[in-house]
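Shown below: upload-v5.tsv, with TSV, C-alpha atoms.
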chain	number	residue	atom	x	y	z
A	598	LYS	CA	0.00	0.00	0.00
A	599	ASP	CA	3.00	2.31	0.12
A	600	LEU	CA	2.67	3.02	-3.62
A	601	ILE	CA	-1.01	3.82	-3.18
A	602	ASN	CA	-0.23	6.23	-0.36
A	603	LEU	CA	2.52	7.85	-2.40
A	604	SER	CA	0.19	8.28	-5.38
A	605	ASN	CA	-2.55	9.75	-3.22
A	606	ASN	CA	-0.20	12.17	-1.48
A	607	VAL	CA	1.23	13.43	-4.77
A	608	SER	CA	-2.29	13.90	-6.15
A	609	ASN	CA	-2.99	16.01	-3.07
A	610	GLY	CA	-0.10	18.32	-3.92
A	611	ASN	CA	2.94	16.89	-2.13
A	612	SER	CA	5.69	16.69	-4.77
A	613	TYR	CA	8.27	15.26	-2.33
A	614	LEU	CA	10.95	17.60	-3.68
A	615	ASN	CA	14.31	16.76	-2.03
A	616	LYS	CA	12.78	13.69	-0.38
A	617	TYR	CA	14.13	10.15	-0.76
A	618	PHE	CA	12.41	6.79	-0.98
A	619	SER	CA	14.15	3.42	-0.80
A	620	VAL	CA	12.63	0.16	-2.07
A	621	ILE	CA	13.61	-2.74	0.19
A	622	ASN	CA	11.75	-5.65	-1.45
A	623	ASP	CA	10.21	-6.72	-4.73
A	624	ILE	CA	6.62	-5.49	-4.88
A	625	ASN	CA	3.47	-7.32	-5.99
A	626	PHE	CA	0.05	-5.88	-5.31
A	627	ASN	CA	-3.40	-7.43	-4.98
A	628	ASN	CA	-2.27	-11.04	-5.06
A	629	GLY	CA	0.27	-10.44	-7.76
A	630	ALA	CA	-1.31	-7.62	-9.74
A	631	ILE	CA	-1.28	-3.85	-9.52
A	632	ASP	CA	-4.52	-3.16	-11.36
A	633	SER	CA	-5.03	0.55	-11.91
A	634	SER	CA	-8.17	-0.14	-13.91
A	635	ALA	CA	-10.01	-1.36	-10.82
A	636	THR	CA	-11.34	1.70	-9.04
A	637	SER	CA	-11.84	-0.33	-5.88
A	638	PHE	CA	-8.11	-0.93	-5.75
A	639	GLY	CA	-7.43	2.79	-5.63
A	640	PHE	CA	-4.04	3.07	-7.36
A	641	ASN	CA	-3.42	5.80	-9.93
A	642	PRO	CA	-0.15	6.70	-11.66
A	643	ILE	CA	2.11	8.70	-9.36
A	644	GLY	CA	1.88	12.31	-10.46
A	645	SER	CA	-0.58	13.89	-12.89
A	646	TYR	CA	-0.42	16.30	-15.82
A	647	VAL	CA	-3.25	18.22	-17.47
A	648	THR	CA	-1.56	21.42	-18.71
A	649	ASN	CA	1.66	23.34	-18.03
A	650	THR	CA	-0.10	25.18	-15.23
A	651	ASN	CA	-2.34	22.37	-14.03
A	652	ASN	CA	-0.19	19.47	-12.90
A	653	LYS	CA	1.00	17.66	-9.80
A	654	PRO	CA	4.45	16.12	-10.32
A	655	PHE	CA	6.48	13.69	-8.32
A	656	SER	CA	9.80	15.45	-7.67
A	657	GLY	CA	11.54	13.16	-5.23
A	658	THR	CA	14.20	10.46	-5.54
A	659	ILE	CA	13.43	6.75	-5.78
A	660	LYS	CA	16.21	4.31	-4.91
A	661	GLY	CA	15.09	0.94	-6.22
A	662	ASN	CA	18.12	-0.98	-4.91
A	663	GLY	CA	17.76	-3.54	-7.70
A	664	PHE	CA	14.22	-4.57	-6.76
A	665	ALA	CA	11.29	-4.78	-9.18
A	666	ILE	CA	7.61	-3.90	-9.21
A	667	ALA	CA	5.74	-6.73	-10.89
A	668	ASN	CA	2.44	-7.17	-12.69
A	669	TYR	CA	1.37	-3.54	-13.03
A	670	LYS	CA	-1.85	-3.51	-15.09
A	671	PHE	CA	-3.92	-0.71	-16.60
A	672	SER	CA	-6.63	-1.02	-19.24
A	673	ASN	CA	-8.53	2.07	-20.40
A	674	ASN	CA	-7.77	3.32	-23.91
A	675	THR	CA	-9.50	6.67	-23.31
A	676	ILE	CA	-7.01	7.75	-20.63
A	677	ASP	CA	-3.77	9.72	-21.22
A	678	ASN	CA	-0.55	9.97	-19.19
A	679	VAL	CA	-0.26	6.43	-17.91
A	680	GLY	CA	2.75	4.66	-16.42
A	681	LEU	CA	3.77	3.66	-12.93
A	682	PHE	CA	4.56	7.39	-12.69
A	683	GLY	CA	2.19	9.72	-14.49
A	684	TYR	CA	4.34	12.88	-14.30
A	685	THR	CA	7.80	13.49	-12.86
A	686	LYS	CA	9.59	16.85	-12.62
A	687	ASP	CA	13.11	17.35	-11.24
A	688	ALA	CA	12.92	13.74	-10.06
A	689	THR	CA	15.41	10.87	-9.95
A	690	ILE	CA	14.60	7.17	-10.32
A	691	ARG	CA	17.50	4.77	-9.87
A	692	ASN	CA	18.03	1.02	-9.97
A	693	LEU	CA	14.35	0.08	-10.25
A	694	GLY	CA	12.75	-2.61	-12.39
A	695	ILE	CA	9.25	-2.98	-13.79
A	696	SER	CA	8.39	-6.55	-14.77
A	697	ASN	CA	5.39	-8.14	-16.49
A	698	ILE	CA	3.74	-4.78	-17.13
A	699	ASN	CA	0.50	-4.68	-19.10
A	700	ILE	CA	-0.72	-1.18	-20.01
A	701	SER	CA	-3.42	-0.20	-22.50
A	702	ALA	CA	-4.05	3.56	-22.55
A	703	ARG	CA	-4.12	6.40	-25.10
A	704	ASN	CA	-1.48	9.16	-25.34
A	705	ASN	CA	1.75	9.68	-23.37
A	706	VAL	CA	2.23	6.13	-22.17
A	707	GLY	CA	5.45	4.76	-20.69
A	708	GLY	CA	6.42	1.59	-18.90
A	709	LEU	CA	8.03	3.58	-16.09
A	710	VAL	CA	7.01	7.23	-16.59
A	711	ALA	CA	4.30	8.70	-18.81
A	712	ILE	CA	5.63	12.30	-18.87
A	713	THR	CA	9.09	13.41	-17.74
A	714	ASN	CA	10.37	16.93	-17.08
A	715	ASN	CA	14.05	17.30	-16.22
A	716	THR	CA	14.04	13.80	-14.75
A	717	THR	CA	16.98	11.42	-14.30
A	718	ILE	CA	16.38	7.70	-14.88
A	719	ASP	CA	19.39	5.54	-14.13
A	720	SER	CA	19.81	1.74	-14.11
A	721	CYS	CA	16.15	0.93	-14.66
A	722	PHE	CA	14.41	-1.69	-16.78
A	723	VAL	CA	10.95	-2.56	-18.10
A	724	TYR	CA	9.57	-5.90	-19.32
A	725	GLY	CA	6.06	-6.38	-20.65
A	726	PHE	CA	3.32	-5.09	-22.98
A	727	ILE	CA	2.39	-1.45	-23.65
A	728	SER	CA	-0.40	-0.20	-25.90
A	729	GLY	CA	-1.34	3.36	-26.81
A	730	VAL	CA	-1.79	5.82	-29.66
A	731	ARG	CA	0.69	8.72	-29.50
A	732	ASN	CA	3.94	9.23	-27.56
A	733	VAL	CA	4.40	5.67	-26.38
A	734	GLY	CA	7.71	4.26	-25.12
A	735	GLY	CA	9.07	1.27	-23.28
A	736	LEU	CA	10.46	3.45	-20.50
A	737	VAL	CA	9.12	6.99	-21.09
A	738	GLY	CA	6.16	8.19	-23.12
A	739	PHE	CA	6.80	11.92	-23.53
A	740	ASP	CA	9.71	14.06	-22.34
A	741	THR	CA	8.77	17.73	-22.05
A	742	VAL	CA	12.10	19.16	-20.83
A	743	SER	CA	15.54	17.57	-21.30
A	744	SER	CA	15.54	14.47	-19.12
A	745	ASN	CA	18.38	11.97	-18.86
A	746	ILE	CA	18.29	8.18	-19.20
A	747	ASN	CA	21.40	6.16	-18.42
A	748	ARG	CA	22.25	2.45	-18.05
A	749	SER	CA	18.68	1.33	-18.66
A	750	PHE	CA	16.96	-1.16	-20.94
A	751	THR	CA	13.57	-2.35	-22.13
A	752	ASN	CA	12.29	-5.68	-23.39
A	753	THR	CA	8.73	-4.87	-24.33
A	754	THR	CA	6.04	-5.40	-26.92
A	755	ILE	CA	4.55	-2.05	-27.97
A	756	ASP	CA	1.36	-1.57	-29.98
A	757	ALA	CA	1.04	2.12	-30.91
A	758	GLN	CA	0.66	4.47	-33.86
A	759	THR	CA	2.65	7.73	-33.64
A	760	ASN	CA	5.90	8.70	-31.90
A	761	VAL	CA	6.76	5.22	-30.68
A	762	GLY	CA	10.16	4.17	-29.32
A	763	GLY	CA	11.73	1.21	-27.59
A	764	ILE	CA	13.06	3.54	-24.87
A	765	ALA	CA	11.01	6.73	-25.32
A	766	GLY	CA	8.14	7.82	-27.53
A	767	SER	CA	9.02	11.52	-27.79
A	768	PHE	CA	12.23	12.73	-26.17
A	769	LYS	CA	14.33	15.90	-25.82
A	770	GLY	CA	17.15	14.98	-23.44
A	771	SER	CA	20.03	12.51	-23.42
A	772	ILE	CA	20.18	8.72	-23.45
A	773	SER	CA	23.40	6.83	-22.77
A	774	ASN	CA	24.58	3.27	-22.16
A	775	SER	CA	21.09	1.92	-22.77
A	776	TYR	CA	19.39	-0.52	-25.10
A	777	SER	CA	16.04	-1.88	-26.18
A	778	ASN	CA	15.10	-5.33	-27.36
A	779	SER	CA	11.45	-4.69	-28.12
A	780	GLU	CA	8.83	-5.53	-30.71
A	781	ILE	CA	6.98	-2.48	-32.05
A	782	TYR	CA	3.88	-2.65	-34.24
A	783	SER	CA	0.46	-1.10	-34.81
A	784	SER	CA	-2.67	-3.22	-34.82
A	785	VAL	CA	-4.86	-0.26	-35.86
A	786	ALA	CA	-3.09	1.92	-38.44
A	787	PRO	CA	0.37	2.36	-39.97
A	788	SER	CA	2.88	3.66	-37.44
A	789	ASN	CA	4.58	7.05	-37.87
A	790	SER	CA	7.79	8.25	-36.26
A	791	VAL	CA	8.92	4.91	-34.91
A	792	GLY	CA	12.41	4.17	-33.57
A	793	GLY	CA	14.23	1.44	-31.74
A	794	ILE	CA	15.39	3.97	-29.13
A	795	ILE	CA	13.31	7.16	-29.71
A	796	GLY	CA	10.22	7.61	-31.85
A	797	LEU	CA	10.34	11.42	-32.20
A	798	TYR	CA	13.27	13.57	-31.11
A	799	SER	CA	12.06	17.14	-31.00
A	800	ALA	CA	15.10	19.01	-29.64
A	801	ASN	CA	18.30	17.26	-30.78
A	802	PRO	CA	18.74	14.75	-27.97
A	803	THR	CA	22.16	13.32	-27.21
A	804	LEU	CA	22.56	9.57	-27.78
A	805	THR	CA	25.72	7.89	-26.50
A	806	ASN	CA	26.46	4.17	-26.61
A	807	VAL	CA	22.88	3.09	-27.23
A	808	TYR	CA	21.78	-0.09	-28.94
A	809	SER	CA	18.51	-1.34	-30.39
A	810	ALA	CA	17.52	-4.86	-31.43
A	811	CYS	CA	13.89	-3.84	-31.94
A	812	LYS	CA	11.78	-5.36	-34.68
Take the structure in the file and write it out as structure tokens.
Amino acid sequence: KDLINLSNNVSNGNSYLNKYFSVINDINFNNGAIDSSATSFGFNPIGSYVTNTNNKPFSGTIKGNGFAIANYKFSNNTIDNVGLFGYTKDATIRNLGISNINISARNNVGGLVAITNNTTIDSCFVYGFISGVRNVGGLVGFDTVSSNINRSFTNTTIDAQTNVGGIAGSFKGSISNSYSNSEIYSSVAPSNSVGGIIGLYSANPTLTNVYSACK
């Protein structure tokens, strides 16, 4: 229930800027499933974004310590900004895994974070299935302001249409020492702006020592 409490507190306006969280065990919820689609379960992505002036970010630091969050599920293809984290700003997420994810949403969908803003993601991974329409990535859906991804990887199956990437759907920052071994396709319409690492790079991102075996 710690993730539920964290999500609720961020939605109430606590960004946790300069605060630290440490994961001390692998996490499974609800008998092996985090199901955000079930309103009775009460978990929503951590942080929310509506507009530039109407948003509630998570701004703290997560130390995953090599543990993983398993079986995160979400199924509502009318909802935007879906990931374990909905919106992060000035945040850091380190050494955290997401395994057996299963997300079906609409726009700005990421296995770890839906929307990033000046966020550092280091030594993280995502395994599983992700479905959306626009700005869909294995790790990050949409980066609004120059975030950094380092030493991370994805092994995902992604079904999406526009701005689709094995690591990030739309990205402006830097990615280094990372790779993706994902399958990307569209079951609805031909895909546009698709990449093994980034789908759409809108501000000359820096790529260093990255590798894609996507198909």
Inset, instruction - Provide the atom CA of Lys686 of chain A to atom CA of Asn704 of chain A distance in Å, to one decimal place. - result: 18.5 Å
Inset, instruction - Would you work out the distance separating atom CA of Asn622 of chain A from atom CA of Leu693 of chain A, expressed in Å to one decimal? - result: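 Computing the Euclidean distance for atom CA of Asn622 of chain A and atom CA of Leu693 of chain A yields 10.8 Å.
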Kindly compute an axis-aligned box around the listed atoms of segment 790-801 of chain A, allowing 4 Å on each side, and express its centre and edge lengths in Å to one decimal as JSON.
{"center_x": 13.0, "center_y": 10.2, "center_z": -32.7, "size_x": 18.5, "size_y": 25.6, "size_z": 15.1}
Legend entry - Distance criterion (only C-alpha atoms): nearest to Thr689 of chain A out of A:Asn674, A:Asn705, A:Asn745, A:Asn649: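 For Thr689 of chain A, the nearest of the given residues is A:Asn745.
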Inset, instruction - Select, from A:Leu681, A:Asn692, A:Ala757, A:Pro654, the residue with the minimum atom-to-atom distance to Val620 of chain A, counting all atoms listed in the file. - result: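 Closest to Val620 of chain A of all the choices is A:Asn692.
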Legend entry - Point-to-point distance from atom CA of Ser720 of chain A to atom CA of Val733 of chain A, Å rounded to tenths: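 Going from atom CA of Ser720 of chain A over to atom CA of Val733 of chain A covers 20.1 Å.
The nearest approach to Gly708 of chain A among the residues A:Asn611, A:Thr753, A:Ser779, A:Asn789, with only C-alpha atoms taken into account, belongs to A:Thr753.
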Legend entry - Residue nearest Ser672 of chain A - candidates A:Ser701, A:Asn714, A:Asn801, A:Asn774, atoms counted: all atoms listed in the file: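 Distance minimum relative to Ser672 of chain A lands on A:Ser701.
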Inset, instruction - Using all atoms listed in the file, find the one residue out of A:Phe722, A:Phe739, A:Tyr617, A:Tyr798 that sits nearest to Ser775 of chain A. - result: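 Looking at the shortest contact to Ser775 of chain A, the residue is A:Phe722.
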Inset, instruction - Do a neighbour search on Asn609 of chain A at 12 Å with all atoms listed in the file, toss out local chain neighbours closer than 3 positions, and write the hits as a PyMOL selection string. - result: chain A and resi 602-606+612-613+643-645+652-655
Inset, instruction - Show which residues sit within 10 Å of Ile746 of chain A, as JSON, numbers by chain. Count all atoms listed in the file, and ignore same-chain residues fewer than 4 positions away. - result: {"A": [690, 691, 716, 717, 718, 719, 720, 721, 736, 737, 750, 764, 765, 770, 771, 772, 773, 774, 775, 804]}
C-alpha atoms of the current selection, written as a CSV table (one decimal), in the frame of the given file:
chain,number,residue,atom,x,y,z
A,690,ILE,CA,14.6,7.2,-10.3
A,691,ARG,CA,17.5,4.8,-9.9
A,716,THR,CA,14.0,13.8,-14.8
A,717,THR,CA,17.0,11.4,-14.3
A,718,ILE,CA,16.4,7.7,-14.9
A,719,ASP,CA,19.4,5.5,-14.1
A,720,SER,CA,19.8,1.7,-14.1
A,721,CYS,CA,16.2,0.9,-14.7
A,736,LEU,CA,10.5,3.4,-20.5
A,737,VAL,CA,9.1,7.0,-21.1
A,750,PHE,CA,17.0,-1.2,-20.9
A,764,ILE,CA,13.1,3.5,-24.9
A,765,ALA,CA,11.0,6.7,-25.3
A,770,GLY,CA,17.2,15.0,-23.4
A,771,SER,CA,20.0,12.5,-23.4
A,772,ILE,CA,20.2,8.7,-23.4
A,773,SER,CA,23.4,6.8,-22.8
A,774,ASN,CA,24.6,3.3,-22.2
A,775,SER,CA,21.1,1.9,-22.8
A,804,LEU,CA,22.6,9.6,-27.8
Legend entry - Nearest-residue call for Ser743 of chain A, choices A:Gly707, A:Ser767, A:Pro802, A:Asn641, using all atoms listed in the file: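 Among the listed residues, the smallest separation from Ser743 of chain A belongs to A:Pro802.
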Legend entry - 8 Å contact set for Asp756 of chain A, only C-alpha atoms, chain neighbours under 5 positions out, as a count of residues only: 7
Pull out segment 658-671 of chain A, keep all heavy atoms, and write it as a short mmCIF file (atom, residue, chain, number, x, y, z; two decimals), in the first residue's frame.
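Saved as part38.cif:
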data_model
loop_
_atom_site.label_atom_id
_atom_site.label_comp_id
_atom_site.auth_asym_id
_atom_site.auth_seq_id
_atom_site.Cartn_x
_atom_site.Cartn_y
_atom_site.Cartn_z
N THR A 658 13.22 11.44 -5.07
CA THR A 658 14.20 10.46 -5.54
C THR A 658 13.77 9.07 -5.10
O THR A 658 13.45 8.85 -3.93
CB THR A 658 15.59 10.76 -4.97
OG1 THR A 658 16.06 12.01 -5.51
CG2 THR A 658 16.58 9.66 -5.33
N ILE A 659 13.74 8.15 -6.06
CA ILE A 659 13.43 6.75 -5.78
C ILE A 659 14.71 5.94 -5.91
O ILE A 659 15.36 5.97 -6.96
CB ILE A 659 12.38 6.19 -6.76
CG1 ILE A 659 11.06 6.96 -6.67
CG2 ILE A 659 12.17 4.70 -6.51
CD1 ILE A 659 10.24 6.69 -5.45
N LYS A 660 15.08 5.24 -4.87
CA LYS A 660 16.21 4.31 -4.91
C LYS A 660 15.64 2.89 -4.92
O LYS A 660 15.17 2.38 -3.90
CB LYS A 660 17.13 4.51 -3.71
CG LYS A 660 17.79 5.88 -3.66
CD LYS A 660 18.69 6.02 -2.44
CE LYS A 660 19.38 7.36 -2.41
NZ LYS A 660 20.26 7.50 -1.21
N GLY A 661 15.70 2.25 -6.09
CA GLY A 661 15.09 0.94 -6.22
C GLY A 661 15.91 -0.20 -5.65
O GLY A 661 15.38 -1.27 -5.36
N ASN A 662 17.23 0.03 -5.51
CA ASN A 662 18.12 -0.98 -4.91
C ASN A 662 18.08 -2.33 -5.62
O ASN A 662 18.30 -3.37 -5.00
CB ASN A 662 17.80 -1.15 -3.42
CG ASN A 662 18.02 0.12 -2.63
OD1 ASN A 662 19.06 0.77 -2.75
ND2 ASN A 662 17.04 0.50 -1.83
N GLY A 663 17.76 -2.31 -6.90
CA GLY A 663 17.76 -3.54 -7.70
C GLY A 663 16.48 -4.35 -7.61
O GLY A 663 16.38 -5.41 -8.23
N PHE A 664 15.48 -3.86 -6.88
CA PHE A 664 14.22 -4.57 -6.76
C PHE A 664 13.28 -4.20 -7.91
O PHE A 664 13.51 -3.22 -8.62
CB PHE A 664 13.56 -4.28 -5.41
CG PHE A 664 14.33 -4.82 -4.25
CD1 PHE A 664 15.03 -3.97 -3.41
CD2 PHE A 664 14.39 -6.18 -4.01
CE1 PHE A 664 15.76 -4.46 -2.33
CE2 PHE A 664 15.10 -6.70 -2.94
CZ PHE A 664 15.79 -5.83 -2.10
N ALA A 665 12.22 -4.99 -8.07
CA ALA A 665 11.29 -4.78 -9.18
C ALA A 665 9.86 -4.70 -8.68
O ALA A 665 9.48 -5.31 -7.67
CB ALA A 665 11.41 -5.91 -10.20
N ILE A 666 9.06 -3.96 -9.43
CA ILE A 666 7.61 -3.90 -9.21
C ILE A 666 6.98 -4.73 -10.31
O ILE A 666 7.18 -4.47 -11.50
CB ILE A 666 7.11 -2.45 -9.25
CG1 ILE A 666 7.75 -1.66 -8.10
CG2 ILE A 666 5.60 -2.39 -9.18
CD1 ILE A 666 7.49 -0.18 -8.16
N ALA A 667 6.23 -5.75 -9.93
CA ALA A 667 5.74 -6.73 -10.89
C ALA A 667 4.24 -6.63 -11.11
O ALA A 667 3.48 -6.26 -10.21
CB ALA A 667 6.08 -8.14 -10.42
N ASN A 668 3.84 -6.97 -12.34
CA ASN A 668 2.44 -7.17 -12.69
C ASN A 668 1.57 -5.92 -12.58
O ASN A 668 0.42 -5.98 -12.15
CB ASN A 668 1.84 -8.29 -11.85
CG ASN A 668 2.59 -9.58 -11.99
OD1 ASN A 668 2.89 -10.02 -13.10
ND2 ASN A 668 2.94 -10.19 -10.86
N TYR A 669 2.14 -4.78 -12.99
CA TYR A 669 1.37 -3.54 -13.03
C TYR A 669 0.44 -3.58 -14.24
O TYR A 669 0.88 -3.77 -15.36
CB TYR A 669 2.31 -2.35 -13.11
CG TYR A 669 1.65 -1.02 -13.38
CD1 TYR A 669 0.66 -0.54 -12.54
CD2 TYR A 669 2.04 -0.24 -14.46
CE1 TYR A 669 0.07 0.68 -12.78
CE2 TYR A 669 1.47 0.98 -14.71
CZ TYR A 669 0.47 1.45 -13.87
OH TYR A 669 -0.11 2.65 -14.10
N LYS A 670 -0.86 -3.41 -14.01
CA LYS A 670 -1.85 -3.51 -15.09
C LYS A 670 -2.72 -2.26 -15.15
O LYS A 670 -3.12 -1.72 -14.11
CB LYS A 670 -2.74 -4.74 -14.90
CG LYS A 670 -1.98 -6.06 -14.96
CD LYS A 670 -2.92 -7.24 -14.79
CE LYS A 670 -2.14 -8.55 -14.86
NZ LYS A 670 -3.03 -9.73 -14.70
N PHE A 671 -3.00 -1.83 -16.37
CA PHE A 671 -3.92 -0.71 -16.60
C PHE A 671 -4.59 -0.94 -17.94
O PHE A 671 -3.91 -1.21 -18.93
CB PHE A 671 -3.17 0.62 -16.61
CG PHE A 671 -4.08 1.82 -16.71
CD1 PHE A 671 -4.41 2.54 -15.58
CD2 PHE A 671 -4.60 2.22 -17.94
CE1 PHE A 671 -5.26 3.63 -15.66
CE2 PHE A 671 -5.45 3.31 -18.03
CZ PHE A 671 -5.78 4.02 -16.89
#
